[in-house]
There are 2 protein chains.
Amino acid sequence: MTKPPQAGSDDTTAERLRSIPEASVARLAVYLRMLGELVEQGAETVSSDELAAVTGVNPAKLRKDLSYIGSYGIRGVGYEVSALQHRLELALGLNHRQAVALVGIGNLGHALAGYGGFSGRGFPLAALFDIDPDLVGIHINGILVEHVDAIPAVCSEREVTIGMIATPGPAAQGVCDLLVTAGVRCILNFAPVVLQVPREVELRKVDLAVELQILAFHVARRNLNGGQPSSLNGHVVNGSGGLEA
Amino acid sequence: MTKPPQAGSDDTTAERLRSIPEASVARLAVYLRMLGELVEQGAETVSSDELAAVTGVNPAKLRKDLSYIGSYGIRGVGYEVSALQHRLELALGLNHRQAVALVGIGNLGHALAGYGGFSGRGFPLAALFDIDPDLVGIHINGILVEHVDAIPAVCSEREVTIGMIATPGPAAQGVCDLLVTAGVRCILNFAPVVLQVPREVELRKVDLAVELQILAFHVARRNLNGGQPSSLNGHVVNGSGGLEA
DNA sequence: TGTTGTGAACTGTTTCACAGCA
DNA sequence: TGCTGTGAAACAGTTCACAACA
């Protein structure tokens, strides 16, 4: 570790968490998923080279990422799979469930609401909201769709910590404001707009149109290069991930 | 510009495209969307400060991003909105349509297939594939769902340049290989697995589970900090974007 | 011996600050 | 005068290479 350990502090204090680079956090989640698969396959230990190979990252980068959470591998051997898994869950804050609210039950919202992977991964869908009277009152996967006006009351009551916005663009800012009012401090935005939030709110964005345009850019570049890979070409560029169909 | 202009080369040559940083490409797509809205609002010109404000980036960064595509703003005035829009479209390779194939018509696949924003933005959905006999043969939004075995033939024939994978994890690699065989060189992966592709294939990933885990990490950190924003807190962290519900 | 953990070098990105121009 | 375009500085993230050690 870079810093001398504080007397009496353990390895999952705010000190440590605060210092993990954003880019590493994203990869830690990927390592965690792979460790789950390794556990199923009955693996006891895994080396940084092996784990790096299956997650598609550079082994040195993986070791550095793990060093941020102070994981102790065994030199000459590797990492104990289930111990590392546990450590990653702690570091990512997956030890307590995070209730999720989803606003906007359109095309994408339906898909998200029907996605089984949330509760399984510690993110139970606690509430669904829409503004359409035809949708309010129906159940999706056993969850009642409520009116957006109920967001503040319902979210506070059910202690929602994460909000997902899958509304049309023009409605997103209003919905976002309601979530913030309700005390939601982390928001995942699927609407194609730039949301304004107070400093203390964490906002992430998933923008399909942008993803496609980035790919289109690479198609264009490749064509200009006569189909030859350039220094920028090849392999995974982004790392985010995974909604099962 | 940094490099002396080549005689006879115009501003959208491979030379220039090759040198745009990856991070800038993602933001150019966001600027382009905002310019579209400005055009609708009848704006003639826009300054870097204004455009930066609505897209949530630093004005200097925006100007540097635009400098990569050699855009000529007018000093003392700003950028001519529609000229800039046109230049961005060229730089991002949006001047010719890119046919898109979508594989996996499950929960998410349905949502993607039903999303109207593709064709409108120059990405017509040219083919849908699934392995489920109950789905093969039906139409979604007027597009026939075909069997995955038909991927190589159909994709080559319809000159598909971009593939989207929305299958369950275990099926994704096989589908990916088929797309690559069919000559698809850009793939957007929604399945929660790490795909292996040849060097010349551009792969991007959208992973919802990871997005949520990153948010969970921030919830955890915030709680440890006693609810006070830290240096890392606040505002947009990621920038990708936009599937309307 | 084989693999971790990490300083140090490197590469890429962001921000600053200001010269240059309409 | 006001805003763009861009060197240069600062910062962040990645990769290298090797000492430390089970």
# chains A, B, ... in the order shown; residues from 1 in each chain; ligands from 1
>>> select_by_dssp(residues="segment 135-227 of chain B", states="alpha helix (DSSP H)", output="JSON, numbers by chain")
{"B": [151, 152, 153, 154, 155, 156, 157, 169, 170, 171, 172, 173, 174, 175, 176, 177, 178, 179, 180, 181, 208, 209, 210, 211, 212, 213, 214, 215, 216, 217, 218, 219, 220, 221, 222, 223, 224]}
>>> interface_residues(of="chain A", to="chain D", cutoff="12 Å", atoms="only C-alpha atoms (C1' of nucleotides)", output="compact mmCIF listing (two decimals) with all heavy atoms, in the first residue's frame")
# COMPACT_ATOMS: atom_id res chain seq x y z
N ILE A 20 -9.84 4.74 -4.58
CA ILE A 20 -9.85 3.84 -5.74
C ILE A 20 -10.19 4.63 -7.00
O ILE A 20 -11.22 5.29 -7.04
CB ILE A 20 -10.87 2.71 -5.57
CG1 ILE A 20 -10.62 1.95 -4.27
CG2 ILE A 20 -10.80 1.75 -6.75
CD1 ILE A 20 -11.60 0.84 -4.03
N PRO A 21 -9.35 4.57 -8.02
CA PRO A 21 -9.66 5.30 -9.26
C PRO A 21 -10.96 4.80 -9.86
O PRO A 21 -11.25 3.60 -9.82
CB PRO A 21 -8.49 4.96 -10.17
CG PRO A 21 -7.41 4.47 -9.30
CD PRO A 21 -8.07 3.88 -8.10
N GLU A 22 -11.69 5.72 -10.41
CA GLU A 22 -12.97 5.43 -11.05
C GLU A 22 -12.86 4.27 -12.05
O GLU A 22 -13.67 3.36 -12.07
CB GLU A 22 -13.45 6.70 -11.76
CG GLU A 22 -14.88 6.71 -12.18
CD GLU A 22 -15.86 6.62 -11.02
OE1 GLU A 22 -15.53 7.07 -9.90
OE2 GLU A 22 -16.95 6.07 -11.24
N ALA A 23 -11.84 4.31 -12.86
CA ALA A 23 -11.66 3.29 -13.89
C ALA A 23 -11.47 1.92 -13.27
O ALA A 23 -11.91 0.90 -13.81
CB ALA A 23 -10.47 3.63 -14.78
N SER A 24 -10.81 1.88 -12.12
CA SER A 24 -10.59 0.60 -11.46
C SER A 24 -11.88 0.04 -10.89
O SER A 24 -12.13 -1.16 -10.95
CB SER A 24 -9.57 0.76 -10.33
OG SER A 24 -8.30 1.08 -10.86
N VAL A 57 -8.17 -8.03 -19.50
CA VAL A 57 -7.32 -6.88 -19.13
C VAL A 57 -5.87 -7.33 -18.99
O VAL A 57 -5.57 -8.51 -18.95
CB VAL A 57 -7.79 -6.21 -17.82
CG1 VAL A 57 -9.26 -5.86 -17.85
CG2 VAL A 57 -7.48 -7.08 -16.62
N ASN A 58 -5.01 -6.35 -18.89
CA ASN A 58 -3.59 -6.57 -18.68
C ASN A 58 -3.35 -7.04 -17.23
O ASN A 58 -3.88 -6.46 -16.29
CB ASN A 58 -2.92 -5.21 -18.95
CG ASN A 58 -1.46 -5.21 -18.63
OD1 ASN A 58 -1.07 -5.55 -17.52
ND2 ASN A 58 -0.67 -4.81 -19.59
N PRO A 59 -2.55 -8.10 -17.05
CA PRO A 59 -2.35 -8.66 -15.70
C PRO A 59 -1.82 -7.65 -14.69
O PRO A 59 -2.21 -7.66 -13.53
CB PRO A 59 -1.31 -9.77 -15.93
CG PRO A 59 -1.37 -10.08 -17.36
CD PRO A 59 -1.80 -8.85 -18.07
N ALA A 60 -0.92 -6.78 -15.14
CA ALA A 60 -0.37 -5.79 -14.22
C ALA A 60 -1.45 -4.83 -13.75
O ALA A 60 -1.51 -4.43 -12.59
CB ALA A 60 0.76 -5.01 -14.90
N LYS A 61 -2.33 -4.47 -14.68
CA LYS A 61 -3.43 -3.57 -14.34
C LYS A 61 -4.35 -4.24 -13.32
O LYS A 61 -4.77 -3.61 -12.34
CB LYS A 61 -4.20 -3.22 -15.62
CG LYS A 61 -5.37 -2.30 -15.38
CD LYS A 61 -5.71 -1.44 -16.57
CE LYS A 61 -6.14 -2.21 -17.81
NZ LYS A 61 -6.49 -1.28 -18.91
N LEU A 62 -4.61 -5.51 -13.54
CA LEU A 62 -5.45 -6.24 -12.60
C LEU A 62 -4.83 -6.25 -11.20
O LEU A 62 -5.49 -5.98 -10.21
CB LEU A 62 -5.66 -7.68 -13.09
CG LEU A 62 -6.56 -8.56 -12.22
CD1 LEU A 62 -7.39 -9.47 -13.08
CD2 LEU A 62 -5.79 -9.37 -11.21
N ARG A 63 -3.55 -6.52 -11.13
CA ARG A 63 -2.90 -6.54 -9.82
C ARG A 63 -2.94 -5.18 -9.16
O ARG A 63 -3.18 -5.06 -7.95
CB ARG A 63 -1.45 -7.03 -9.94
CG ARG A 63 -1.33 -8.50 -10.30
CD ARG A 63 0.04 -9.07 -9.96
NE ARG A 63 1.13 -8.43 -10.68
CZ ARG A 63 1.52 -8.75 -11.91
NH1 ARG A 63 0.89 -9.72 -12.57
NH2 ARG A 63 2.51 -8.13 -12.49
N LYS A 64 -2.74 -4.15 -9.97
CA LYS A 64 -2.80 -2.80 -9.39
C LYS A 64 -4.22 -2.50 -8.90
O LYS A 64 -4.40 -1.94 -7.82
CB LYS A 64 -2.35 -1.77 -10.42
CG LYS A 64 -2.35 -0.35 -9.87
CD LYS A 64 -1.19 0.50 -10.36
CE LYS A 64 0.11 0.16 -9.68
NZ LYS A 64 1.17 1.17 -9.89
N ASP A 65 -5.21 -2.87 -9.70
CA ASP A 65 -6.60 -2.67 -9.27
C ASP A 65 -6.85 -3.35 -7.93
O ASP A 65 -7.44 -2.77 -7.01
CB ASP A 65 -7.57 -3.26 -10.31
CG ASP A 65 -7.66 -2.41 -11.56
OD1 ASP A 65 -7.27 -1.23 -11.53
OD2 ASP A 65 -8.12 -2.94 -12.60
N TYR A 72 -4.92 -9.42 -0.32
CA TYR A 72 -3.68 -10.12 -0.18
C TYR A 72 -3.69 -11.41 -0.98
O TYR A 72 -4.32 -12.38 -0.61
CB TYR A 72 -3.38 -10.39 1.29
CG TYR A 72 -2.72 -9.21 1.98
CD1 TYR A 72 -2.80 -7.94 1.44
CD2 TYR A 72 -1.99 -9.39 3.14
CE1 TYR A 72 -2.20 -6.85 2.05
CE2 TYR A 72 -1.38 -8.31 3.77
CZ TYR A 72 -1.50 -7.03 3.22
OH TYR A 72 -0.89 -5.97 3.83
N GLY A 73 -2.99 -11.41 -2.08
CA GLY A 73 -2.77 -12.64 -2.83
C GLY A 73 -1.62 -13.39 -2.19
O GLY A 73 -0.99 -12.89 -1.25
N ILE A 74 -1.37 -14.57 -2.69
CA ILE A 74 -0.26 -15.36 -2.16
C ILE A 74 0.81 -15.44 -3.23
O ILE A 74 0.57 -15.98 -4.32
CB ILE A 74 -0.74 -16.77 -1.78
CG1 ILE A 74 -1.95 -16.67 -0.86
CG2 ILE A 74 0.39 -17.56 -1.12
CD1 ILE A 74 -2.87 -17.88 -0.94
N ARG A 75 1.98 -14.88 -2.96
CA ARG A 75 3.05 -14.84 -3.95
C ARG A 75 3.46 -16.26 -4.32
O ARG A 75 3.59 -17.12 -3.46
CB ARG A 75 4.26 -14.07 -3.40
CG ARG A 75 4.03 -12.58 -3.39
CD ARG A 75 5.00 -11.87 -2.48
NE ARG A 75 4.46 -10.59 -2.06
CZ ARG A 75 4.97 -9.42 -2.43
NH1 ARG A 75 6.01 -9.35 -3.22
NH2 ARG A 75 4.42 -8.31 -2.01
N GLY A 76 3.61 -16.47 -5.61
CA GLY A 76 3.96 -17.80 -6.08
C GLY A 76 2.74 -18.68 -6.33
O GLY A 76 2.84 -19.73 -6.94
N VAL A 77 1.57 -18.23 -5.86
CA VAL A 77 0.36 -19.06 -5.99
C VAL A 77 -0.75 -18.33 -6.74
O VAL A 77 -1.19 -18.77 -7.79
CB VAL A 77 -0.16 -19.50 -4.59
CG1 VAL A 77 -1.45 -20.32 -4.75
CG2 VAL A 77 0.90 -20.32 -3.86
N GLY A 78 -1.18 -17.22 -6.19
CA GLY A 78 -2.28 -16.48 -6.81
C GLY A 78 -3.23 -15.97 -5.73
O GLY A 78 -2.80 -15.69 -4.63
>>> residues_around(residues="segment 164-166 of chain B", least_positions_apart="4", cutoff="7 Å", atoms="only C-alpha atoms (C1' of nucleotides)", output="list in words")
Glu244 and Ala245 of chain A; Ala101, Leu102, Val103, Gly104, Leu108, Gly109, Ala172, Ile187, Leu188, Asn189, Phe190 and Ala191 of chain B
>>> closest_residue(among="B:Ala43, B:Leu51, B:Ala29, B:Ala182", to="chain A", atoms="only C-alpha atoms")
B:Ala29
>>> interface_residues(of="chain C", to="chain A", cutoff="8 Å", atoms="only C-alpha atoms (C1' of nucleotides)", output="list of chain:residue names")
C:DT1, C:DG2, C:DT3, C:DT4, C:DG5, C:DT6
>>> write_last_selection(atoms="all heavy atoms", output="CSV table (one decimal), in the first residue's frame")
chain,number,residue,atom,x,y,z
C,1,DT,P,14.9,-22.1,-10.5
C,1,DT,OP1,15.5,-23.0,-11.5
C,1,DT,OP2,15.1,-20.6,-10.7
C,1,DT,O5',13.3,-22.3,-10.5
C,1,DT,C5',12.7,-23.4,-9.9
C,1,DT,C4',11.3,-23.0,-9.5
C,1,DT,O4',11.3,-22.3,-8.3
C,1,DT,C3',10.7,-22.1,-10.6
C,1,DT,O3',9.5,-22.7,-11.1
C,1,DT,C2',10.3,-20.8,-9.8
C,1,DT,C1',10.4,-21.3,-8.3
C,1,DT,N1,10.9,-20.2,-7.4
C,1,DT,C2,10.1,-19.9,-6.3
C,1,DT,O2,9.0,-20.4,-6.1
C,1,DT,N3,10.6,-18.9,-5.4
C,1,DT,C4,11.8,-18.3,-5.6
C,1,DT,O4,12.2,-17.5,-4.7
C,1,DT,C5,12.6,-18.7,-6.7
C,1,DT,C7,13.9,-18.0,-7.0
C,1,DT,C6,12.1,-19.6,-7.6
C,2,DG,P,8.7,-22.0,-12.3
C,2,DG,OP1,8.0,-23.1,-13.1
C,2,DG,OP2,9.6,-21.0,-13.0
C,2,DG,O5',7.6,-21.2,-11.5
C,2,DG,C5',6.7,-21.8,-10.7
C,2,DG,C4',5.8,-20.8,-10.1
C,2,DG,O4',6.5,-19.9,-9.2
C,2,DG,C3',5.2,-19.9,-11.2
C,2,DG,O3',3.8,-19.7,-10.9
C,2,DG,C2',6.0,-18.6,-11.1
C,2,DG,C1',6.4,-18.6,-9.6
C,2,DG,N9,7.6,-17.9,-9.3
C,2,DG,C8,8.8,-17.9,-10.1
C,2,DG,N7,9.8,-17.2,-9.5
C,2,DG,C5,9.3,-16.8,-8.3
C,2,DG,C6,9.8,-16.1,-7.2
C,2,DG,O6,11.0,-15.7,-7.2
C,2,DG,N1,9.0,-15.9,-6.2
C,2,DG,C2,7.7,-16.4,-6.1
C,2,DG,N2,7.0,-16.2,-5.0
C,2,DG,N3,7.1,-17.1,-7.1
C,2,DG,C4,7.9,-17.3,-8.2
C,3,DT,P,2.9,-18.9,-11.9
C,3,DT,OP1,1.7,-19.7,-12.1
C,3,DT,OP2,3.6,-18.3,-13.0
C,3,DT,O5',2.5,-17.7,-10.9
C,3,DT,C5',2.0,-18.0,-9.6
C,3,DT,C4',2.0,-16.7,-8.8
C,3,DT,O4',3.4,-16.3,-8.5
C,3,DT,C3',1.4,-15.5,-9.6
C,3,DT,O3',0.5,-14.8,-8.7
C,3,DT,C2',2.6,-14.6,-9.9
C,3,DT,C1',3.5,-15.0,-8.7
C,3,DT,N1,4.9,-14.6,-8.9
C,3,DT,C2,5.6,-14.0,-7.8
C,3,DT,O2,5.1,-13.8,-6.8
C,3,DT,N3,6.9,-13.7,-8.1
C,3,DT,C4,7.6,-13.9,-9.3
C,3,DT,O4,8.8,-13.6,-9.4
C,3,DT,C5,6.8,-14.5,-10.3
C,3,DT,C7,7.5,-14.8,-11.7
C,3,DT,C6,5.6,-14.9,-10.1
C,4,DT,P,-0.3,-13.6,-9.2
C,4,DT,OP1,-1.7,-14.0,-9.2
C,4,DT,OP2,0.3,-13.0,-10.4
C,4,DT,O5',-0.1,-12.6,-8.0
C,4,DT,C5',-0.3,-13.1,-6.7
C,4,DT,C4',0.5,-12.3,-5.7
C,4,DT,O4',1.9,-12.2,-6.1
C,4,DT,C3',0.0,-10.8,-5.6
C,4,DT,O3',-0.1,-10.5,-4.2
C,4,DT,C2',1.1,-10.0,-6.3
C,4,DT,C1',2.3,-10.9,-6.1
C,4,DT,N1,3.3,-10.8,-7.2
C,4,DT,C2,4.6,-10.3,-6.9
C,4,DT,O2,4.9,-9.9,-5.8
C,4,DT,N3,5.5,-10.3,-8.0
C,4,DT,C4,5.2,-10.7,-9.3
C,4,DT,O4,6.1,-10.6,-10.2
C,4,DT,C5,3.9,-11.2,-9.5
C,4,DT,C7,3.5,-11.6,-10.9
C,4,DT,C6,3.0,-11.2,-8.5
C,5,DG,P,-1.0,-9.1,-3.9
C,5,DG,OP1,-1.5,-9.3,-2.5
C,5,DG,OP2,-2.0,-8.8,-4.9
C,5,DG,O5',0.1,-8.0,-3.9
C,5,DG,C5',1.1,-8.0,-2.9
C,5,DG,C4',2.0,-6.8,-3.1
C,5,DG,O4',2.8,-7.0,-4.3
C,5,DG,C3',1.3,-5.4,-3.3
C,5,DG,O3',2.0,-4.5,-2.5
C,5,DG,C2',1.4,-5.2,-4.8
C,5,DG,C1',2.7,-5.9,-5.1
C,5,DG,N9,2.9,-6.4,-6.5
C,5,DG,C8,1.9,-7.0,-7.3
C,5,DG,N7,2.3,-7.4,-8.4
C,5,DG,C5,3.6,-7.0,-8.5
C,5,DG,C6,4.6,-7.1,-9.5
C,5,DG,O6,4.5,-7.6,-10.6
C,5,DG,N1,5.9,-6.6,-9.1
C,5,DG,C2,6.1,-6.0,-7.9
C,5,DG,N2,7.3,-5.5,-7.7
C,5,DG,N3,5.2,-5.9,-6.9
C,5,DG,C4,4.0,-6.4,-7.3
C,6,DT,P,1.7,-3.0,-2.5
C,6,DT,OP1,2.1,-2.5,-1.1
C,6,DT,OP2,0.4,-2.8,-3.1
C,6,DT,O5',2.8,-2.4,-3.5
C,6,DT,C5',4.2,-2.3,-3.2
C,6,DT,C4',4.9,-1.6,-4.3
C,6,DT,O4',4.8,-2.5,-5.5
C,6,DT,C3',4.3,-0.3,-4.7
C,6,DT,O3',5.3,0.6,-4.9
C,6,DT,C2',3.6,-0.6,-6.0
C,6,DT,C1',4.5,-1.6,-6.6
C,6,DT,N1,4.0,-2.4,-7.7
C,6,DT,C2,4.8,-2.8,-8.7
C,6,DT,O2,6.0,-2.5,-8.7
C,6,DT,N3,4.3,-3.6,-9.7
C,6,DT,C4,2.9,-4.0,-9.8
C,6,DT,O4,2.5,-4.6,-10.7
C,6,DT,C5,2.1,-3.5,-8.7
C,6,DT,C7,0.6,-3.9,-8.7
C,6,DT,C6,2.6,-2.8,-7.7
